[in-house]
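K.L.:
If you scroll down you'll find the structure; I have some questions about it.
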There are 2 protein chains.
Amino acid sequence: MKPARSLIPIGTATLLPDTARRVRRLEDQLLAHLACWGYREIILPTFEYLDVLSVGLAPEVLEKCYKFADWTTGRILVLRPDVTAQIARIVAMDMGGMGLPLRLSYRTTVFRYEPEHAGREREIFQVGVELVGADDPHLDAEIITLLIESLKHIGLPDFKVSLGHVGFYKVLLERTGMSEAAQKEAEFAAAHKDLPRLEQVMSQEGVPRKKAHVILEAAGRYGQDDVLQWGRKAAGRDSSLKKPLERLAKVYELLELTGVKDHILIDLGEFRGFDYYDGVVFDVFTATLGYELGGGGRYDHLLGKFGRSLPSTGFALDMDRVFAALDQREPQTADGKPPILLVGPQKLYSQTFRLAERLRKLDVHVIQETIQGEPSQFIRHARERGQSLATSTVILLGAPGLSHKVVQLLDYSSKRTRPKISQVPIQELPAMIKAQSYANL
Amino acid sequence: MKPARSLIPIGTATLLPDTARRVRRLEDQLLAHLACWGYREIILPTFEYLDVLSVGLAPEVLEKCYKFADWTTGRILVLRPDVTAQIARIVAMDMGGMGLPLRLSYRTTVFRYEPEHAGREREIFQVGVELVGADDPHLDAEIITLLIESLKHIGLPDFKVSLGHVGFYKVLLERTGMSEAAQKEAEFAAAHKDLPRLEQVMSQEGVPRKKAHVILEAAGRYGQDDVLQWGRKAAGRDSSLKKPLERLAKVYELLELTGVKDHILIDLGEFRGFDYYDGVVFDVFTATLGYELGGGGRYDHLLGKFGRSLPSTGFALDMDRVFAALDQREPQTADGKPPILLVGPQKLYSQTFRLAERLRKLDVHVIQETIQGEPSQFIRHARERGQSLATSTVILLGAPGLSHKVVQLLDYSSKRTRPKISQVPIQELPAMIKAQSYANL
């Protein structure tokens, strides 16, 4: 028997209402917090011309892009694989009039072919910021402090930011005289803390034992001031090693002043997965999740590739992973009550609609339904509809034996199958519903 | 000279902060309003398998899709060209557990190749709802009332909803014995109120003059009850014409009860651009814009194509057009003040950061910058930065001759080039800033 053909593209997912609500709230919290730091949201187009964007993308990212032809121009379009490169393109070409440095935020998805077969890893939802147009350790510290404060703001308690400087390790590797391809491979191994692989690459390239030892140790070490101390010793009088190290030390010192030092681990082997980083870089991770939640760093030479030289830094968070980290700490239940159900017979349609209108004006979420059949069956019917919609409250107009000024209230909030039924004058209903905080605010 | 190669894909745009802010606020207002009616947001994947989604799409829509290969499976992916078809796919395959009818909302973009060369018409931002799983004129009335109340809620005053029933006109056309292709063309002409073209098609097909006359008149007529009266006469005893007409009349009657009748124009030639509509349909338009802002209608047979038969209705709004309609009425200025700029010398970095933190906790938007150079130049420097960032307020710590407990406040709010400068004790600053509603809430 053939396996069933998949009907949903792998690596994508639909977020149903309870999840979507949480995602939107998390997103709103983050963006509001970023705004308090002066980062203003921009909304990006979903695709770009490949020939334009590609100057800002590494070959391995380009290989993972979704590409398609533009019928009108015959050129190749690419679904945004990375926001930083896209914002670099936009700032370089589009935003001449705005004062520097620019503080920008975004919430959007990036698209990449990934080998895995579950979750949303082909359409990755990100929230992030870019700080474009100035090179200053204070701004490195601002971006890292903002990242940490943002994660604290949304309630993530146990996380670390591993902080390094691309320059330090790059110079160490260049000094070995390895081929460029081998250097790339060594960077990759160091970034993934794959020390056996790193050792193997250097041995194949005939890197002298002493140099190899320093490189392995730099990749393996992480901690606080002690790592900076070790780095200073390893750098000796070599100014091209000392310079990145002193920048890193300065940023670390500022992070003490902003009060976030406890979250920092200095990691001299820290690399981000993108070629364009060329200064202080960082990853954020938790003890319990086996992958980073996001990261960022300085990319001083990226915008120059698009024709406007502007030093810049920024970070991005993978929202699905942030979500998973929050859930792991404390699985969230769907918050916010389901909408109230308001039912009435057809002849009371107008009155039922007016009542729904009054409740909605109080921000109560109300579904209105018209009830069919014999009046004697109204309560049974209302109860069934309430159960089917998994609501906490059903309000019935026109129940037999009751004046039109009184409604039947079916209260499911105690989670029993049979609701608590009471009679309430319409006059009193809105205030009562509002007071019982049925409102889904 | 060759024309410059475009660097930005045609039909796409970046929304800069002022515009992005307005778009997000409009979107939030709409989604919150839809939630009050029990419509809960879902978040959709950006692409789908073409072979799966295509059963729900008309050939002319399929031709406008962005398509690309999935390397992993060799199948063709398509960027969502239409939300209704995608939600039909998802509900039919994915959402078995949820109680019917489902009330869903969304905010997303759809992608279509369009011949025009300006604006965002290739990536169209939509907000909409679907009401899935029941066939009832009360639900037709609910969707149309919700559309009208939503547009009133966001402040759009002068708009009309043209309301028709696909069934009435389809039966009229079928009765002529025209070829299927000619019928399609006649539908298209009727939808665009292109009466000369409609007449031409019928004459080419040899439609008898009397029948052609009724079809032309149905397409040209719009109004209130009088149009329904005319339709009843035209239908005579023909039950396949009377049935759609009576459904339309019933919905119209309910719209009087919900208080939105004044916005309705009955239009018996009303067609939507999608094949899947098969009941009551509607468009919304304003007098001043030459195109519809959105629309929707009943699509009882669409979900069946994805394997689950569920009568449904819904609407979508083109947000760029809604935006344009709001702007045309009253061009909006960028609302919300720009962030405050807080500057201090390096040696006061820590104190400056603490002050920024206190202000941010009050939801004030604050950019912190470190000021360089001689203290005698601090005020000049602060003033220049304030102008460059177009802010309304600059706060300077560490101005020469002042205690560290007092800041210089540069107030640009009176729009003069030179700010009003005053001294304020740090203690009093947060309350003062908050009271002057510098907060960008």
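Order determines the names: the first chain of the structure tokens is A, the second B, and so forth; residues in each chain are numbered 1 upward, and ligands are numbered 1 upward as they are shown.
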Residues of chain A within 8 Å of chain B, counting only C-alpha atoms, what are they? List them as JSON, numbers by chain.
P.N.:
{"A": [7, 8, 9, 12, 13, 14, 15, 16, 17, 20, 21, 35, 36, 37, 38, 40, 41, 42, 43, 44, 45, 46, 47, 48, 49, 52, 66, 67, 68, 77, 90, 98, 99, 100, 123, 138, 257, 258, 339, 340, 349, 350, 353, 354, 360, 363, 364, 365, 366, 367, 368, 370, 388, 389, 390]}
K.L.:
When DSSP works through the backbone of this structure, what residues of stretch 186-352 of chain B end up as alpha helix (DSSP H), shown as a PyMOL selection string?
P.N.:
chain B and resi 186-191+195-204+209-220+225-235+239-257+302-305+319-329+349-352
K.L.:
Output as a PDB file with N, CA and C atoms, in the first residue's frame all residues of stretch 175-392 of chain A that backbone DSSP marks as strand (DSSP E or B).
P.N.:
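Dumped to selection36.pdb:
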ATOM      1  N   TYR A 222      33.988  28.846  28.204  1.00  0.00           N
ATOM      2  CA  TYR A 222      33.026  29.922  28.400  1.00  0.00           C
ATOM      3  C   TYR A 222      32.872  30.183  29.886  1.00  0.00           C
ATOM      4  N   GLY A 223      32.539  31.415  30.206  1.00  0.00           N
ATOM      5  CA  GLY A 223      32.447  31.780  31.614  1.00  0.00           C
ATOM      6  C   GLY A 223      32.323  33.280  31.751  1.00  0.00           C
ATOM      7  N   ILE A 264      24.919  36.649  31.271  1.00  0.00           N
ATOM      8  CA  ILE A 264      25.942  36.576  30.213  1.00  0.00           C
ATOM      9  C   ILE A 264      26.965  35.465  30.461  1.00  0.00           C
ATOM     10  N   LEU A 265      27.274  34.735  29.407  1.00  0.00           N
ATOM     11  CA  LEU A 265      28.423  33.833  29.389  1.00  0.00           C
ATOM     12  C   LEU A 265      29.347  34.282  28.266  1.00  0.00           C
ATOM     13  N   ILE A 266      30.574  34.636  28.623  1.00  0.00           N
ATOM     14  CA  ILE A 266      31.532  34.974  27.565  1.00  0.00           C
ATOM     15  C   ILE A 266      31.956  33.679  26.879  1.00  0.00           C
ATOM     16  N   ASP A 267      31.938  33.695  25.561  1.00  0.00           N
ATOM     17  CA  ASP A 267      32.288  32.502  24.782  1.00  0.00           C
ATOM     18  C   ASP A 267      33.128  32.956  23.587  1.00  0.00           C
ATOM     19  N   VAL A 280      30.801  42.039  17.793  1.00  0.00           N
ATOM     20  CA  VAL A 280      30.222  41.353  18.949  1.00  0.00           C
ATOM     21  C   VAL A 280      28.978  40.572  18.506  1.00  0.00           C
ATOM     22  N   VAL A 281      28.934  39.291  18.874  1.00  0.00           N
ATOM     23  CA  VAL A 281      27.796  38.431  18.493  1.00  0.00           C
ATOM     24  C   VAL A 281      27.291  37.698  19.734  1.00  0.00           C
ATOM     25  N   PHE A 282      26.056  37.223  19.657  1.00  0.00           N
ATOM     26  CA  PHE A 282      25.483  36.546  20.827  1.00  0.00           C
ATOM     27  C   PHE A 282      24.352  35.617  20.416  1.00  0.00           C
ATOM     28  N   ASP A 283      24.169  34.590  21.254  1.00  0.00           N
ATOM     29  CA  ASP A 283      23.080  33.614  21.135  1.00  0.00           C
ATOM     30  C   ASP A 283      22.331  33.611  22.448  1.00  0.00           C
ATOM     31  N   VAL A 284      21.039  33.306  22.417  1.00  0.00           N
ATOM     32  CA  VAL A 284      20.342  33.136  23.694  1.00  0.00           C
ATOM     33  C   VAL A 284      19.809  31.705  23.766  1.00  0.00           C
ATOM     34  N   PHE A 285      19.983  31.086  24.910  1.00  0.00           N
ATOM     35  CA  PHE A 285      19.527  29.702  25.058  1.00  0.00           C
ATOM     36  C   PHE A 285      19.062  29.456  26.485  1.00  0.00           C
ATOM     37  N   GLY A 294      17.341  32.406  19.788  1.00  0.00           N
ATOM     38  CA  GLY A 294      17.583  33.518  18.893  1.00  0.00           C
ATOM     39  C   GLY A 294      18.978  34.041  19.130  1.00  0.00           C
ATOM     40  N   GLY A 295      19.262  35.192  18.568  1.00  0.00           N
ATOM     41  CA  GLY A 295      20.580  35.768  18.742  1.00  0.00           C
ATOM     42  C   GLY A 295      20.763  36.912  17.777  1.00  0.00           C
ATOM     43  N   GLY A 296      21.994  37.395  17.703  1.00  0.00           N
ATOM     44  CA  GLY A 296      22.244  38.505  16.810  1.00  0.00           C
ATOM     45  C   GLY A 296      23.669  38.966  16.924  1.00  0.00           C
ATOM     46  N   GLY A 297      23.886  40.227  16.553  1.00  0.00           N
ATOM     47  CA  GLY A 297      25.237  40.759  16.628  1.00  0.00           C
ATOM     48  C   GLY A 297      25.454  41.876  15.641  1.00  0.00           C
ATOM     49  N   ARG A 298      26.709  42.258  15.542  1.00  0.00           N
ATOM     50  CA  ARG A 298      27.095  43.425  14.758  1.00  0.00           C
ATOM     51  C   ARG A 298      27.441  43.010  13.335  1.00  0.00           C
ATOM     52  N   SER A 312      26.058  48.460  11.956  1.00  0.00           N
ATOM     53  CA  SER A 312      24.733  48.102  12.473  1.00  0.00           C
ATOM     54  C   SER A 312      24.796  46.906  13.400  1.00  0.00           C
ATOM     55  N   THR A 313      23.763  46.747  14.201  1.00  0.00           N
ATOM     56  CA  THR A 313      23.633  45.549  15.031  1.00  0.00           C
ATOM     57  C   THR A 313      22.151  45.257  15.228  1.00  0.00           C
ATOM     58  N   GLY A 314      21.839  44.066  15.766  1.00  0.00           N
ATOM     59  CA  GLY A 314      20.437  43.705  15.951  1.00  0.00           C
ATOM     60  C   GLY A 314      20.303  42.302  16.500  1.00  0.00           C
ATOM     61  N   PHE A 315      19.060  41.911  16.774  1.00  0.00           N
ATOM     62  CA  PHE A 315      18.816  40.522  17.157  1.00  0.00           C
ATOM     63  C   PHE A 315      17.485  40.049  16.623  1.00  0.00           C
ATOM     64  N   ALA A 316      17.301  38.732  16.583  1.00  0.00           N
ATOM     65  CA  ALA A 316      16.021  38.142  16.197  1.00  0.00           C
ATOM     66  C   ALA A 316      15.707  36.996  17.143  1.00  0.00           C
ATOM     67  N   LEU A 317      14.427  36.831  17.451  1.00  0.00           N
ATOM     68  CA  LEU A 317      13.964  35.712  18.271  1.00  0.00           C
ATOM     69  C   LEU A 317      13.108  34.784  17.424  1.00  0.00           C
ATOM     70  N   ASP A 318      13.338  33.485  17.555  1.00  0.00           N
ATOM     71  CA  ASP A 318      12.490  32.482  16.924  1.00  0.00           C
ATOM     72  C   ASP A 318      11.293  32.267  17.844  1.00  0.00           C
ATOM     73  N   ILE A 340     -19.549  34.008  24.840  1.00  0.00           N
ATOM     74  CA  ILE A 340     -20.886  33.701  25.357  1.00  0.00           C
ATOM     75  C   ILE A 340     -21.814  33.348  24.198  1.00  0.00           C
ATOM     76  N   LEU A 341     -22.781  32.443  24.452  1.00  0.00           N
ATOM     77  CA  LEU A 341     -23.772  32.129  23.423  1.00  0.00           C
ATOM     78  C   LEU A 341     -25.112  32.748  23.815  1.00  0.00           C
ATOM     79  N   LEU A 342     -25.656  33.513  22.897  1.00  0.00           N
ATOM     80  CA  LEU A 342     -26.936  34.179  23.137  1.00  0.00           C
ATOM     81  C   LEU A 342     -27.932  33.623  22.137  1.00  0.00           C
ATOM     82  N   VAL A 343     -29.001  32.964  22.623  1.00  0.00           N
ATOM     83  CA  VAL A 343     -29.968  32.371  21.697  1.00  0.00           C
ATOM     84  C   VAL A 343     -31.375  32.902  21.957  1.00  0.00           C
ATOM     85  N   GLY A 344     -32.135  32.995  20.878  1.00  0.00           N
ATOM     86  CA  GLY A 344     -33.526  33.412  20.982  1.00  0.00           C
ATOM     87  C   GLY A 344     -34.289  32.908  19.772  1.00  0.00           C
ATOM     88  N   PRO A 345     -35.611  32.769  19.883  1.00  0.00           N
ATOM     89  CA  PRO A 345     -36.387  32.308  18.719  1.00  0.00           C
ATOM     90  C   PRO A 345     -36.457  33.397  17.650  1.00  0.00           C
ATOM     91  N   VAL A 366     -19.693  37.724  22.110  1.00  0.00           N
ATOM     92  CA  VAL A 366     -21.030  37.133  22.045  1.00  0.00           C
ATOM     93  C   VAL A 366     -21.297  36.503  20.684  1.00  0.00           C
ATOM     94  N   ILE A 367     -21.696  35.234  20.693  1.00  0.00           N
ATOM     95  CA  ILE A 367     -22.217  34.584  19.484  1.00  0.00           C
ATOM     96  C   ILE A 367     -23.727  34.577  19.602  1.00  0.00           C
ATOM     97  N   GLN A 368     -24.394  35.062  18.546  1.00  0.00           N
ATOM     98  CA  GLN A 368     -25.860  35.048  18.554  1.00  0.00           C
ATOM     99  C   GLN A 368     -26.357  33.928  17.654  1.00  0.00           C
ATOM    100  N   GLU A 369     -27.296  33.131  18.153  1.00  0.00           N
ATOM    101  CA  GLU A 369     -27.905  32.095  17.309  1.00  0.00           C
ATOM    102  C   GLU A 369     -29.422  32.169  17.411  1.00  0.00           C
ATOM    103  N   THR A 370     -30.056  31.815  16.309  1.00  0.00           N
ATOM    104  CA  THR A 370     -31.517  31.743  16.316  1.00  0.00           C
ATOM    105  C   THR A 370     -31.914  30.310  16.627  1.00  0.00           C
ATOM    106  N   ILE A 371     -32.854  30.163  17.556  1.00  0.00           N
ATOM    107  CA  ILE A 371     -33.248  28.847  18.043  1.00  0.00           C
ATOM    108  C   ILE A 371     -34.509  28.410  17.298  1.00  0.00           C
TER     109      ILE A 371
END
K.L.:
How many Å lie between atom CA of A:Gly401 and atom CA of A:Glu374, rounded to one decimal?
P.N.:
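Atom CA of A:Gly401 sits 13.1 Å away from atom CA of A:Glu374.
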K.L.:
Can you measure atom CA of B:Arg221 to atom CA of B:Arg272 for me? One decimal in Å is fine.
P.N.:
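Atom CA of B:Arg272 lies at a distance of 16.7 Å from atom CA of B:Arg221.
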K.L.:
Distance atom CA of A:Arg209-atom CA of A:Asp225, one decimal place?
P.N.:
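Answer for the atom CA of A:Arg209 to atom CA of A:Asp225 separation: 26.4 Å.
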K.L.:
Excluding B:Pro208 and its own-chain neighbours fewer than 3 positions away, which residues fall within 12 Å of it when counting only C-alpha atoms? Please give them as a short mmCIF file (atom, residue, chain, number, x, y, z; two decimals) with N, CA, C and O atoms, in the first residue's frame.
P.N.:
data_model
loop_
_atom_site.label_atom_id
_atom_site.label_comp_id
_atom_site.auth_asym_id
_atom_site.auth_seq_id
_atom_site.Cartn_x
_atom_site.Cartn_y
_atom_site.Cartn_z
N LEU B 173 -29.07 33.29 -16.94
CA LEU B 173 -28.13 33.05 -18.03
C LEU B 173 -28.28 31.63 -18.58
O LEU B 173 -28.23 31.42 -19.80
N ARG B 175 -30.87 29.85 -18.73
CA ARG B 175 -32.10 29.77 -19.53
C ARG B 175 -31.93 30.21 -20.97
O ARG B 175 -32.76 29.93 -21.82
N THR B 176 -30.85 30.97 -21.25
CA THR B 176 -30.66 31.47 -22.61
C THR B 176 -30.15 30.40 -23.55
O THR B 176 -30.20 30.56 -24.76
N GLY B 177 -29.60 29.28 -22.99
CA GLY B 177 -29.00 28.25 -23.84
C GLY B 177 -27.64 28.64 -24.39
O GLY B 177 -27.14 28.00 -25.31
N MET B 178 -27.03 29.70 -23.84
CA MET B 178 -25.68 30.09 -24.28
C MET B 178 -24.69 28.99 -23.98
O MET B 178 -24.89 28.17 -23.09
N GLU B 199 -24.35 42.79 -23.80
CA GLU B 199 -25.28 42.76 -24.92
C GLU B 199 -24.65 42.07 -26.13
O GLU B 199 -25.27 41.25 -26.80
N MET B 202 -24.47 38.25 -25.77
CA MET B 202 -25.76 37.60 -25.97
C MET B 202 -26.17 37.65 -27.43
O MET B 202 -26.74 36.69 -27.95
N SER B 203 -25.85 38.75 -28.09
CA SER B 203 -26.24 38.85 -29.50
C SER B 203 -25.45 37.84 -30.34
O SER B 203 -26.00 37.19 -31.22
N GLN B 204 -24.15 37.69 -30.04
CA GLN B 204 -23.33 36.69 -30.74
C GLN B 204 -23.88 35.28 -30.56
O GLN B 204 -23.78 34.43 -31.44
N GLU B 205 -24.44 35.02 -29.37
CA GLU B 205 -24.94 33.69 -29.06
C GLU B 205 -26.39 33.51 -29.51
O GLU B 205 -26.99 32.47 -29.28
N LYS B 211 -35.39 37.69 -23.68
CA LYS B 211 -34.55 37.17 -22.61
C LYS B 211 -33.34 38.08 -22.37
O LYS B 211 -32.96 38.35 -21.22
N ALA B 212 -32.75 38.53 -23.47
CA ALA B 212 -31.59 39.42 -23.34
C ALA B 212 -31.95 40.69 -22.59
O ALA B 212 -31.19 41.19 -21.77
N HIS B 213 -33.14 41.19 -22.85
CA HIS B 213 -33.60 42.42 -22.21
C HIS B 213 -33.66 42.27 -20.69
O HIS B 213 -33.19 43.12 -19.94
N VAL B 214 -34.23 41.13 -20.23
CA VAL B 214 -34.33 40.88 -18.78
C VAL B 214 -32.94 40.81 -18.17
O VAL B 214 -32.69 41.38 -17.10
N ILE B 215 -32.02 40.12 -18.84
CA ILE B 215 -30.66 39.96 -18.32
C ILE B 215 -29.95 41.30 -18.22
O ILE B 215 -29.27 41.59 -17.23
#
K.L.:
Point out the residue among A:Gly269, A:Gly164, A:Gly220, A:Gly133 with the least atom-to-atom distance to A:Tyr299, counting only C-alpha atoms.
P.N.:
A:Gly133
